[in-house]
>>> print(open('input_15.csv').read())   # CSV, C-alpha atoms
chain,number,residue,atom,x,y,z
I,1,MET,CA,107.0,30.4,31.8
I,2,ASN,CA,110.0,30.2,29.4
I,3,VAL,CA,109.5,26.4,29.2
I,4,LEU,CA,105.8,26.7,28.4
I,5,MET,CA,106.1,29.2,25.6
I,6,PRO,CA,107.8,26.8,23.1
I,7,VAL,CA,105.2,24.1,24.0
I,8,LEU,CA,102.4,26.5,23.4
I,9,MET,CA,103.8,27.6,20.1
I,10,ILE,CA,104.2,23.9,19.0
I,11,LEU,CA,100.5,23.3,20.0
I,12,VAL,CA,99.3,26.3,18.1
I,13,VAL,CA,101.3,25.6,15.0
I,14,GLY,CA,100.3,22.0,15.1
I,15,GLY,CA,96.6,22.9,15.5
I,16,ILE,CA,96.9,25.2,12.4
I,17,PHE,CA,98.5,22.5,10.3
I,18,ALA,CA,95.8,20.0,11.4
I,19,LEU,CA,93.1,22.5,10.5
I,20,VAL,CA,94.6,23.1,7.1
I,21,ILE,CA,95.0,19.4,6.4
I,22,THR,CA,91.4,18.7,7.5
I,23,MET,CA,90.1,21.5,5.2
I,24,PHE,CA,92.1,20.2,2.3
I,25,VAL,CA,90.9,16.6,2.7
I,26,ARG,CA,87.3,17.7,3.0
I,27,THR,CA,87.7,19.9,-0.1
I,28,ARG,CA,89.1,17.0,-2.1
I,29,GLN,CA,86.4,14.7,-0.9
I,30,SER,CA,83.8,17.2,-1.9
I,31,GLU,CA,85.4,17.7,-5.4
I,32,THR,CA,85.6,13.9,-5.9
I,33,ARG,CA,81.9,13.5,-4.9
I,34,GLY,CA,80.9,16.4,-7.2
I,35,VAL,CA,82.7,14.9,-10.2
I,36,ARG,CA,81.1,11.5,-9.5
I,37,GLU,CA,77.6,13.0,-9.3
I,38,ARG,CA,78.1,14.9,-12.5
I,39,ALA,CA,79.2,11.7,-14.3
I,40,VAL,CA,76.0,10.0,-13.2
I,41,ALA,CA,73.9,13.0,-14.4
I,42,ILE,CA,75.6,12.9,-17.8
I,43,GLN,CA,75.1,9.2,-18.2
I,44,LEU,CA,71.4,9.6,-17.2
I,45,ALA,CA,71.0,12.4,-19.8
I,46,GLN,CA,72.5,10.2,-22.6
I,47,GLU,CA,70.3,7.3,-21.6
I,48,ARG,CA,67.3,9.5,-22.1
I,49,GLY,CA,68.4,10.5,-25.5
I,50,TRP,CA,69.3,14.1,-24.7
I,51,SER,CA,72.2,15.9,-26.4
I,52,TYR,CA,75.4,16.4,-24.5
I,53,GLU,CA,78.4,18.6,-25.2
I,54,ARG,CA,81.4,18.8,-22.9
I,55,ALA,CA,82.0,22.5,-23.7
I,56,THR,CA,80.2,25.2,-25.8
I,57,TYR,CA,81.2,28.7,-26.6
I,58,GLY,CA,78.6,31.4,-27.2
I,59,VAL,CA,75.6,29.2,-27.0
I,60,VAL,CA,74.5,30.6,-23.6
I,61,ASP,CA,75.3,34.3,-24.5
I,62,ARG,CA,71.5,34.7,-24.9
I,63,LEU,CA,71.0,34.0,-21.2
I,64,CYS,CA,73.5,36.7,-19.9
I,65,GLY,CA,72.2,39.6,-17.8
I,66,MET,CA,72.3,38.4,-14.2
I,67,ALA,CA,74.7,36.5,-11.9
I,68,PRO,CA,76.0,33.9,-11.9
I,69,LEU,CA,76.2,34.5,-15.6
I,70,PRO,CA,77.8,37.7,-16.8
I,71,ILE,CA,75.7,40.9,-17.2
I,72,SER,CA,76.8,40.8,-20.9
I,73,GLY,CA,79.0,38.3,-22.6
I,74,ARG,CA,80.4,37.1,-25.9
I,75,ASN,CA,81.5,33.5,-26.5
I,76,VAL,CA,80.7,32.6,-22.9
I,77,ARG,CA,81.9,29.1,-22.1
I,78,ALA,CA,79.4,26.6,-20.8
I,79,LEU,CA,80.5,23.2,-19.6
I,80,HIS,CA,78.6,19.9,-19.8
I,81,TYR,CA,75.8,21.4,-21.9
I,82,ILE,CA,72.7,19.2,-22.1
I,83,THR,CA,69.6,19.9,-24.2
I,84,GLY,CA,66.4,18.0,-24.8
I,85,GLU,CA,62.7,17.8,-24.0
I,86,PHE,CA,61.2,17.5,-20.5
I,87,ARG,CA,57.4,17.4,-20.0
I,88,ASP,CA,56.9,18.5,-23.6
I,89,ARG,CA,59.1,21.6,-23.2
I,90,GLY,CA,62.6,22.3,-24.6
I,91,PHE,CA,65.3,22.8,-22.0
I,92,CYS,CA,69.0,23.2,-21.5
I,93,CYS,CA,71.3,22.9,-18.5
I,94,PHE,CA,75.0,23.4,-18.0
I,95,GLU,CA,77.8,24.2,-15.6
I,96,TYR,CA,79.3,27.7,-15.4
I,97,THR,CA,82.3,28.7,-13.4
I,98,THR,CA,83.0,32.0,-11.7
I,99,GLY,CA,86.1,33.2,-9.8
I,100,THR,CA,89.6,33.9,-10.8
I,101,LEU,CA,92.1,31.3,-12.0
I,102,ASP,CA,95.1,33.5,-11.4
I,103,VAL,CA,97.4,31.6,-9.0
I,104,ASN,CA,99.4,34.7,-8.3
I,105,MET,CA,96.6,36.4,-6.4
I,106,GLY,CA,96.8,34.6,-3.1
I,107,PRO,CA,95.8,31.4,-1.4
I,108,GLY,CA,92.5,29.9,-2.6
I,109,SER,CA,92.1,32.5,-5.4
I,110,ASN,CA,92.7,29.9,-8.1
I,111,ARG,CA,89.7,27.8,-7.1
I,112,PRO,CA,86.7,28.3,-9.4
I,113,VAL,CA,83.2,28.4,-8.1
I,114,PHE,CA,80.8,26.0,-9.9
I,115,TRP,CA,77.2,26.8,-10.8
I,116,THR,CA,74.6,24.7,-12.4
I,117,VAL,CA,72.0,26.6,-14.6
I,118,PHE,CA,68.7,25.3,-15.9
I,119,ALA,CA,66.5,26.9,-18.6
I,120,VAL,CA,63.1,25.7,-19.8
I,121,THR,CA,61.3,27.2,-22.8
I,122,ALA,CA,58.2,29.2,-21.9
I,123,PRO,CA,55.0,29.3,-23.9
I,124,GLY,CA,55.9,32.9,-25.1
I,125,ALA,CA,58.2,35.8,-24.5
I,126,GLY,CA,57.9,38.1,-21.5
I,127,PRO,CA,59.7,41.1,-19.9
I,128,GLU,CA,62.7,40.4,-17.6
I,129,LEU,CA,61.3,39.1,-14.3
I,130,VAL,CA,63.2,37.8,-11.3
I,131,VAL,CA,61.8,36.1,-8.2
I,132,ARG,CA,64.4,35.3,-5.5
I,133,ARG,CA,64.9,35.4,-1.7
I,134,PRO,CA,65.6,38.8,-0.1
I,135,GLN,CA,69.1,40.3,-0.3
I,136,ALA,CA,70.7,43.2,1.5
I,137,LEU,CA,70.9,45.5,-1.5
I,138,ASP,CA,67.4,44.8,-3.0
I,139,GLY,CA,66.5,48.5,-2.8
I,140,MET,CA,69.5,49.3,-5.1
I,141,ALA,CA,68.8,46.8,-7.9
I,142,SER,CA,70.6,48.0,-11.0
I,143,ARG,CA,68.0,46.5,-13.3
I,144,GLY,CA,64.3,46.6,-12.6
I,145,ARG,CA,62.7,47.6,-9.3
I,146,VAL,CA,61.3,45.6,-6.4
I,147,VAL,CA,57.5,45.0,-6.8
I,148,GLN,CA,55.2,43.8,-4.0
I,149,LEU,CA,52.2,41.7,-5.0
I,150,GLY,CA,50.2,42.4,-1.8
I,151,VAL,CA,50.4,38.8,-0.7
I,152,PRO,CA,51.9,39.1,2.8
I,153,GLU,CA,53.5,35.6,3.1
I,154,PHE,CA,54.9,35.9,-0.4
I,155,ASP,CA,56.2,39.5,-0.1
I,156,GLU,CA,57.9,38.7,3.1
I,157,ALA,CA,59.7,35.6,1.7
I,158,PHE,CA,60.5,36.7,-1.8
I,159,ARG,CA,61.6,39.7,-3.9
I,160,VAL,CA,60.1,40.3,-7.3
I,161,ILE,CA,62.3,42.5,-9.5
I,162,THR,CA,61.0,43.7,-12.9
I,163,ASP,CA,60.4,46.8,-15.0
I,164,ASP,CA,56.9,45.6,-15.9
I,165,GLU,CA,54.7,45.6,-12.8
I,166,PRO,CA,51.5,44.8,-14.6
I,167,PHE,CA,53.0,41.7,-16.2
I,168,ALA,CA,54.5,40.6,-12.9
I,169,ARG,CA,51.1,40.8,-11.2
I,170,SER,CA,49.3,39.0,-14.0
I,171,ALA,CA,51.9,36.2,-14.1
I,172,LEU,CA,52.5,35.6,-10.4
I,173,THR,CA,49.5,36.6,-8.3
I,174,GLY,CA,47.1,33.9,-9.2
I,175,GLY,CA,49.0,30.6,-8.9
I,176,VAL,CA,52.7,31.2,-8.8
I,177,ALA,CA,52.9,33.2,-5.6
I,178,PRO,CA,51.0,30.7,-3.4
I,179,PHE,CA,53.0,27.8,-5.0
I,180,LEU,CA,56.4,29.4,-4.3
I,181,SER,CA,55.3,30.3,-0.7
I,182,THR,CA,54.7,26.6,0.1
I,183,ASP,CA,56.9,24.5,-2.2
I,184,PRO,CA,60.0,23.3,-0.4
I,185,ARG,CA,62.1,23.6,-3.6
I,186,ALA,CA,61.4,27.4,-3.6
I,187,THR,CA,62.3,27.7,0.0
I,188,LYS,CA,65.7,26.1,-0.6
I,189,ASP,CA,66.7,29.3,-2.3
I,190,ALA,CA,65.9,28.3,-5.9
I,191,PRO,CA,65.5,31.7,-7.7
I,192,ILE,CA,63.6,32.0,-11.0
I,193,ARG,CA,64.2,34.4,-13.8
I,194,LEU,CA,62.1,34.9,-16.9
I,195,HIS,CA,64.4,36.0,-19.7
I,196,ASN,CA,62.7,36.5,-23.1
I,197,ASP,CA,61.1,33.1,-23.7
I,198,GLU,CA,63.0,31.0,-21.2
I,199,LEU,CA,62.6,30.5,-17.4
I,200,LEU,CA,65.8,29.9,-15.5
I,201,THR,CA,66.9,28.7,-12.1
I,202,TRP,CA,70.4,28.0,-10.8
I,203,ARG,CA,72.3,26.8,-7.8
I,204,ARG,CA,75.9,26.7,-6.6
I,205,GLY,CA,77.6,23.3,-7.3
I,206,ARG,CA,78.2,20.9,-10.0
I,207,LEU,CA,75.5,19.1,-12.0
I,208,SER,CA,73.9,16.1,-10.3
I,209,ALA,CA,71.4,13.5,-11.4
I,210,GLN,CA,68.9,14.6,-8.8
I,211,ASP,CA,69.1,18.1,-10.2
I,212,LEU,CA,68.0,17.0,-13.6
I,213,ASP,CA,64.5,16.0,-12.5
I,214,GLU,CA,64.1,18.2,-9.4
I,215,ARG,CA,65.1,21.5,-11.1
I,216,LEU,CA,63.4,20.9,-14.4
I,217,ASN,CA,60.2,19.8,-12.7
I,218,TYR,CA,60.4,22.9,-10.6
I,219,LEU,CA,60.6,25.2,-13.6
I,220,CYS,CA,57.8,23.3,-15.4
I,221,ASP,CA,55.6,23.5,-12.3
I,222,VAL,CA,56.1,27.3,-12.2
I,223,LEU,CA,55.2,27.7,-15.9
I,224,ASP,CA,52.1,25.5,-15.5
I,225,ARG,CA,50.8,28.1,-13.0
I,226,ILE,CA,51.3,31.2,-15.1
I,227,PRO,CA,47.9,32.0,-16.8
I,228,PRO,CA,48.1,31.3,-20.6
I,229,GLN,CA,46.6,34.6,-21.5
I,230,VAL,CA,49.6,36.4,-20.0
I,231,TRP,CA,51.8,35.4,-22.9
I,232,SER,CA,49.4,36.7,-25.5
I,233,THR,CA,49.5,40.2,-24.0
I,234,VAL,CA,53.2,40.7,-24.3
>>> encode(input="input_15.csv", output="structure tokens")
Amino acid sequence: MNVLMPVLMILVVGGIFALVITMFVRTRQSETRGVRERAVAIQLAQERGWSYERATYGVVDRLCGMAPLPISGRNVRALHYITGEFRDRGFCCFEYTTGTLDVNMGPGSNRPVFWTVFAVTAPGAGPELVVRRPQALDGMASRGRVVQLGVPEFDEAFRVITDDEPFARSALTGGVAPFLSTDPRATKDAPIRLHNDELLTWRRGRLSAQDLDERLNYLCDVLDRIPPQVWSTV
């Protein structure tokens, strides 16, 4: 028994080191792949004649109000900020980072979390409206309340959060709810948020070339299904 204990300890410690090294290598590979994909996206944007800024401060303050962006903010930093026109609509997309950068707070705490945010200009302004997958604390939403549209497959798969139920029903019931219920992009957890006159979506991760078309098309497809008369009643 006394002979086996040191051997077991060596195996356990060796296994821990192997796991740590494997996780480190995978993290580095993921980071390298993410940086490479972002570079391709930036090159594609520039080839299309879109504007690009490596960093901006305060430009995206107007979009604050819901995670991953701050509830409120001033001089919020956005990285790799791209603007242009897509399907005859103005848009912007950018990276935003959350998480602490304080290396004194423990292992892993200094790693930022990357998010990519997309916003497309809507035909008009509307009240705050969020459509996303269900979450544990939906009944305790700090802003707005959960609204059910009476479309069973949609109500089961999504949560609508707003303070203006009539607008939500007018905007979503006809074409948007059936579209979101069946479109694979929506079922991949791509939330949408109407904020003033912009429709947003976001995902965790760095910007990629595939995102540029997929996410912008997704937002435009949603806007195409909102009845035009909805905007004139706001």
>>> closest_residue(input="input_15.csv", among="I:Trp231, I:Trp202, I:Phe154, I:Phe91", to="Trp115 (chain I)", atoms="all atoms listed in the file")
I:Trp202
>>> closest_residue(input="input_15.csv", among="I:Gly124, I:Gln148, I:Glu85, I:Arg169", to="Leu223 (chain I)", atoms="all atoms listed in the file")
I:Gly124
>>> atom_distance(input="input_15.csv", atom1="CA of Leu194 (chain I)", atom2="CA of Asp213 (chain I)")
19.6 Å
>>> atom_distance(input="input_15.csv", atom1="CA of Arg145 (chain I)", atom2="CA of Phe158 (chain I)")
13.4 Å
>>> closest_residue(input="input_15.csv", among="I:Arg132, I:Arg77, I:Arg193, I:Arg185", to="Asp155 (chain I)", atoms="all atoms listed in the file")
I:Arg132
>>> build_atoms(input="input_15.csv", residues="region 222-233 of chain I", atoms="all heavy atoms", output="compact mmCIF listing (two decimals), in the frame of the given file")
# COMPACT_ATOMS: atom_id res chain seq x y z
N VAL I 222 56.29 25.87 -12.22
CA VAL I 222 56.10 27.30 -12.20
C VAL I 222 55.34 27.75 -13.49
O VAL I 222 54.34 28.48 -13.46
CB VAL I 222 57.38 28.09 -12.05
CG1 VAL I 222 57.15 29.59 -12.25
CG2 VAL I 222 57.98 27.84 -10.67
N LEU I 223 55.84 27.28 -14.64
CA LEU I 223 55.20 27.70 -15.90
C LEU I 223 53.78 27.20 -16.01
O LEU I 223 52.93 27.89 -16.57
CB LEU I 223 56.05 27.09 -17.08
CG LEU I 223 57.40 27.74 -17.34
CD1 LEU I 223 58.19 26.96 -18.38
CD2 LEU I 223 57.22 29.20 -17.79
N ASP I 224 53.48 26.03 -15.45
CA ASP I 224 52.10 25.50 -15.50
C ASP I 224 51.14 26.43 -14.73
O ASP I 224 49.93 26.41 -14.99
CB ASP I 224 52.05 24.11 -14.87
CG ASP I 224 52.59 23.04 -15.80
OD1 ASP I 224 52.77 23.34 -17.00
OD2 ASP I 224 52.85 21.91 -15.32
N ARG I 225 51.66 27.22 -13.79
CA ARG I 225 50.80 28.10 -13.00
C ARG I 225 50.71 29.51 -13.45
O ARG I 225 50.03 30.33 -12.84
CB ARG I 225 51.32 28.02 -11.50
CG ARG I 225 51.02 26.70 -10.83
CD ARG I 225 51.83 26.48 -9.57
NE ARG I 225 51.38 25.28 -8.85
CZ ARG I 225 51.70 24.03 -9.21
NH1 ARG I 225 52.45 23.82 -10.27
NH2 ARG I 225 51.23 23.00 -8.51
N ILE I 226 51.39 29.82 -14.53
CA ILE I 226 51.30 31.20 -15.10
C ILE I 226 50.09 31.13 -16.11
O ILE I 226 50.04 30.27 -17.00
CB ILE I 226 52.56 31.55 -15.86
CG1 ILE I 226 53.71 31.65 -14.87
CG2 ILE I 226 52.38 32.88 -16.60
CD1 ILE I 226 55.05 32.00 -15.49
N PRO I 227 49.12 32.01 -15.96
CA PRO I 227 47.90 32.00 -16.80
C PRO I 227 48.31 32.08 -18.31
O PRO I 227 49.15 32.93 -18.69
CB PRO I 227 47.16 33.24 -16.40
CG PRO I 227 47.61 33.51 -14.99
CD PRO I 227 49.05 33.10 -14.95
N PRO I 228 47.73 31.26 -19.16
CA PRO I 228 48.10 31.30 -20.60
C PRO I 228 47.87 32.61 -21.26
O PRO I 228 48.65 32.99 -22.18
CB PRO I 228 47.14 30.20 -21.19
CG PRO I 228 46.77 29.32 -20.03
CD PRO I 228 46.75 30.22 -18.83
N GLN I 229 46.87 33.37 -20.82
CA GLN I 229 46.60 34.60 -21.50
C GLN I 229 47.68 35.68 -21.24
O GLN I 229 47.76 36.67 -21.95
CB GLN I 229 45.23 35.20 -21.02
CG GLN I 229 45.16 35.54 -19.54
CD GLN I 229 44.67 34.39 -18.69
OE1 GLN I 229 44.78 33.22 -19.12
NE2 GLN I 229 44.14 34.67 -17.51
N VAL I 230 48.51 35.46 -20.24
CA VAL I 230 49.60 36.40 -20.00
C VAL I 230 50.54 36.51 -21.16
O VAL I 230 50.97 37.59 -21.54
CB VAL I 230 50.39 35.96 -18.71
CG1 VAL I 230 51.70 36.73 -18.59
CG2 VAL I 230 49.56 36.17 -17.47
N TRP I 231 50.81 35.37 -21.79
CA TRP I 231 51.80 35.40 -22.90
C TRP I 231 51.26 36.11 -24.11
O TRP I 231 52.02 36.75 -24.83
CB TRP I 231 52.16 33.95 -23.25
CG TRP I 231 52.63 33.15 -22.07
CD1 TRP I 231 51.97 32.11 -21.48
CD2 TRP I 231 53.84 33.31 -21.34
NE1 TRP I 231 52.71 31.63 -20.41
CE2 TRP I 231 53.86 32.34 -20.30
CE3 TRP I 231 54.93 34.18 -21.46
CZ2 TRP I 231 54.91 32.21 -19.41
CZ3 TRP I 231 55.98 34.07 -20.55
CH2 TRP I 231 55.97 33.10 -19.54
N SER I 232 49.97 36.06 -24.33
CA SER I 232 49.40 36.70 -25.50
C SER I 232 49.35 38.20 -25.41
O SER I 232 49.12 38.89 -26.40
CB SER I 232 48.01 36.13 -25.81
OG SER I 232 47.13 36.44 -24.73
N THR I 233 49.55 38.75 -24.18
CA THR I 233 49.50 40.20 -24.00
C THR I 233 50.81 40.89 -24.08
O THR I 233 50.90 42.10 -23.99
CB THR I 233 48.84 40.52 -22.63
OG1 THR I 233 49.69 40.00 -21.59
CG2 THR I 233 47.47 39.92 -22.49
